[in-house]
Amino acid sequence: MDKHGPKVHRPPSSYQNHKRTSNDTLSANPVHKSFRPNQGGPTLCPPESSASSRQTLSTMRQLYEKDFPVYKQPVEVGSFSLDSERRFFNDARQIRYYVEPPPRPKFDLRDGYKDRFVKRDDGVKEKLDHILRWILANKSKLQSSVAAASSSPALGVDIVTWRGHLTKLLTTPYETREGWLLAATLFRGTLYLSEVETEASRLDRVNCNERHQEMMYWGYKFEQYLCADDIKGSPNPGGVVNTNEAFCTVVQTKLADHKLLFSGEVDCRDRGPKAPAAPACYVELKTSAEICTPKQRSNFHRFKLLKWWAQSFLPGVPRIVAGFRDPDGLVIGTETIHISKISHLIKNESNCWKPTVCMNFCCEFLSFVRTVVREDNPRVVHLFSWDPHQDVTYSVHRDSTYCFLPPWYVEGMTSSSTSPH
Ligand code: 0WD
Ligand code: CA
């Protein structure tokens with residue numbers, strides 16, 4: 001079982017408004033002029049005339065070992081729900097409430113896999129559609145705050161994306177197995193980032209074996225043991241697990257000079273009378289294999305905590321409740337992990353990840369994308385591509401299948417009327 005380590009350290013403030021120092025000690029700049037073609041990828045368009053279009057971005061960790069960049073405390077600006085048929089609602093109807101587990105639980109995560117499980121069709125690519133629906137439904141609210149700030153993009157933010165895409169960027173300097181593809185489109189001054197499934201991840205998805213399929217269910221089943229639908233209710237482990245259902249928070253924040261608007265799925269919220277306002281009341285639920293040996297503990301710190309930290313730190317979710325399971329899918333213990341204490345937990349681990357590297361890489365990547373993508377056009381996609389041990393490269397696509405801003409969104413944002421979506 002994981003312990004939280006020595007408590008002698010003062011917990012670091014999660015959202016430090018550190019200024020980045022200008023006396024950068026690095027000898028190399030992460031952005032190189034050497035253009036490397038996007039091997040095996042889609043058609044590579046000829047580089048455009050400007051020098052910026054010939055750049056690549058290095059993911060070498062050492063380049064990002066700088067001061068922690070300014071990351072503003074994320075503010076929830078709204079939320080939305082997806083129902084059992086994946087229909088969008090501009091409200092919080094799918095929110096669930098955290099119910100403390102017993103000290104010695106015996107949650108059987110295999111229960112219901114065969115007969116009470118409705119799995120979302122992950123072959124359907126929703127791209128940014130749900131977030132875009134939310135933006136259209138809340139356009140006037142967003143735009144009125146822009147008018148007050150009189151900033152340039154129509155929406156008042158520089159980047160719109162899913163939290164999950166940002167998590168991938170944060171973990172990139174430490175990722176050795178899975179690459180990614182991110183499509184970028186500039187529209188009315190705002191850059192939209194939407195993931196494209198790589199061929200390798202498509203193959204993993206379609207060839208996923210039965211054991212792996214069942215283990216993916218375990219995470220959702222664990223949520224069912226700890227979540228109630230009503231504020232005064234109890235969890236119902238006899239119910240159906242339907243992964244179409246989701247409650248998503250929409251937060252706004254700033255990473256250095258990038259104003260971000262992103263959405264992330266939230267498992268549940270604290271229902272106590274003293275619960276803080278969102279997103280601080282949210283609780284992320286996770287399962288992990290039981291930790292029995294020092295090697296397992298070290299691997300948990302070095303690999304799993306990196307992903308857990310990145311995912312929850314971004315939207316300002318302060319804690320994770322982790323369920324530790326045996327190989328038969330029985331949860332025999334739970335533990336609360338505070339995001340702000342994770343940096344202490346990993347301090348004594350050799351060859352470990354660093355939060356500052358994650359945040360600086362993400363920040364540099366966003367700067368890189370904003371330098372490269374200059375044409376404000378919903379029909380143009382710059383496809384950023386990364387494979388482990390390589391630099392980030394990109395290719396340009398016009399009127400291609402990579403286009404991801406739907407006509408209803410482009411029209412809805414261009415017209416002054418409120419869209420029905
Ligand atoms: O199809 C895709 N590749 C994507 C789907 C990419 C990005 C987002 N999405 C959808 C998800 O279906 C979900 O509704 O967006 C929503 C979540 O976005 P997010 O919060 O930005 O994604 P992430 O942080 O990666 O995942 C959060 C949770 C997961 O929790 P765990 O504890 O397993 O990290 O969202 C769920 C899952 O519970 N989730 C999904 N549920 C169904 N299908 C999926 C998925 N493909 N991906 C994440
Ligand atoms: Ca979760």
# chains A, B, ... in the order shown; residues from 1 in each chain; ligands from 1
>>> residues_near_ligand(ligand="ligand 2", cutoff="9 Å", atoms="only C-alpha atoms and all ligand atoms", output="list in words")
Gly219, Tyr220, Phe222, Glu223, Glu265, Val266, Asp267, Val283, Glu284, Leu285, Lys286, Thr287 and Ile320 of chain A
>>> select_by_dssp(residues="stretch 245-296 of chain A", states="strand (DSSP E or B)", output="PyMOL selection string")
chain A and resi 246-255+258-265+268-269+282-289
>>> residues_around(residues="A:Lys66", least_positions_apart="2", cutoff="7 Å", atoms="only C-alpha atoms", output="count of residues only")
3
>>> residues_near_ligand(ligand="ligand 1", cutoff="7 Å", atoms="only C-alpha atoms and all ligand atoms", output="short mmCIF file (atom, residue, chain, number, x, y, z; two decimals) with C-alpha atoms, in the first residue's frame")
data_model
loop_
_atom_site.label_atom_id
_atom_site.label_comp_id
_atom_site.auth_asym_id
_atom_site.auth_seq_id
_atom_site.Cartn_x
_atom_site.Cartn_y
_atom_site.Cartn_z
CA ARG A 120 -18.98 3.71 -25.33
CA ASP A 122 -14.56 4.39 -29.06
CA LYS A 125 -14.28 10.18 -33.02
CA GLU A 126 -15.97 13.08 -31.28
CA TRP A 162 -9.40 18.65 -24.00
CA ARG A 163 -7.58 18.30 -20.68
CA GLY A 164 -6.50 14.82 -21.84
CA HIS A 165 -4.56 16.32 -24.75
CA THR A 167 -1.95 15.67 -20.09
CA GLU A 195 -6.03 14.69 -31.12
CA GLU A 197 -5.56 8.65 -33.38
CA GLY A 219 -11.69 1.61 -13.39
CA TYR A 220 -15.33 2.41 -14.17
CA THR A 243 -19.23 4.70 -20.13
CA ASN A 244 -21.21 7.00 -22.39
CA ALA A 246 -19.86 11.81 -18.33
CA SER A 263 -12.58 20.59 -20.49
CA GLY A 264 -11.99 17.39 -18.56
CA GLU A 265 -14.16 14.58 -17.31
CA VAL A 266 -14.65 14.64 -13.54
CA GLU A 284 -10.45 11.84 -9.18
CA LEU A 285 -10.81 8.07 -8.77
CA LYS A 286 -8.13 5.62 -9.87
CA GLN A 311 -4.16 14.88 -15.29
#
>>> closest_residue(among="A:Arg271, A:Lys341, A:Arg379, A:Lys354", to="A:Lys232", atoms="only C-alpha atoms")
A:Arg271
>>> select_by_dssp(residues="stretch 249-328 of chain A", states="helix (DSSP H, G or I)", output="ChimeraX atom specification")
/A:294-313
>>> write_last_selection(atoms="N, CA and C atoms", output="compact mmCIF listing (two decimals), in the first residue's frame")
# COMPACT_ATOMS: atom_id res chain seq x y z
N PRO A 294 9.50 -2.95 -2.96
CA PRO A 294 10.08 -1.62 -3.18
C PRO A 294 10.16 -1.28 -4.67
N LYS A 295 10.41 -2.27 -5.50
CA LYS A 295 10.48 -2.04 -6.95
C LYS A 295 9.12 -1.57 -7.49
N GLN A 296 8.06 -2.23 -6.99
CA GLN A 296 6.71 -1.84 -7.43
C GLN A 296 6.38 -0.42 -6.98
N ARG A 297 6.81 -0.11 -5.75
CA ARG A 297 6.56 1.24 -5.24
C ARG A 297 7.28 2.28 -6.09
N SER A 298 8.53 1.97 -6.43
CA SER A 298 9.32 2.89 -7.24
C SER A 298 8.70 3.07 -8.63
N ASN A 299 8.25 1.99 -9.23
CA ASN A 299 7.59 2.09 -10.55
C ASN A 299 6.30 2.89 -10.47
N PHE A 300 5.57 2.70 -9.38
CA PHE A 300 4.33 3.45 -9.17
C PHE A 300 4.64 4.95 -9.13
N HIS A 301 5.67 5.32 -8.39
CA HIS A 301 6.07 6.72 -8.29
C HIS A 301 6.55 7.27 -9.64
N ARG A 302 7.36 6.49 -10.34
CA ARG A 302 8.02 6.99 -11.55
C ARG A 302 7.09 7.04 -12.76
N PHE A 303 6.15 6.13 -12.84
CA PHE A 303 5.33 6.08 -14.05
C PHE A 303 3.87 6.44 -13.81
N LYS A 304 3.25 5.80 -12.84
CA LYS A 304 1.82 6.05 -12.66
C LYS A 304 1.55 7.44 -12.06
N LEU A 305 2.33 7.81 -11.04
CA LEU A 305 2.07 9.11 -10.42
C LEU A 305 2.30 10.28 -11.37
N LEU A 306 3.17 10.09 -12.35
CA LEU A 306 3.38 11.14 -13.36
C LEU A 306 2.06 11.42 -14.09
N LYS A 307 1.41 10.35 -14.56
CA LYS A 307 0.17 10.52 -15.32
C LYS A 307 -0.95 11.03 -14.42
N TRP A 308 -1.02 10.52 -13.22
CA TRP A 308 -2.07 10.94 -12.29
C TRP A 308 -1.89 12.41 -11.92
N TRP A 309 -0.65 12.78 -11.64
CA TRP A 309 -0.38 14.18 -11.27
C TRP A 309 -0.77 15.12 -12.42
N ALA A 310 -0.27 14.81 -13.62
CA ALA A 310 -0.50 15.70 -14.77
C ALA A 310 -1.99 15.90 -15.01
N GLN A 311 -2.73 14.82 -14.98
CA GLN A 311 -4.16 14.88 -15.29
C GLN A 311 -4.95 15.74 -14.29
N SER A 312 -4.64 15.60 -13.02
CA SER A 312 -5.42 16.34 -12.01
C SER A 312 -4.88 17.74 -11.74
N PHE A 313 -3.57 17.89 -11.86
CA PHE A 313 -2.98 19.22 -11.63
C PHE A 313 -3.56 20.24 -12.62
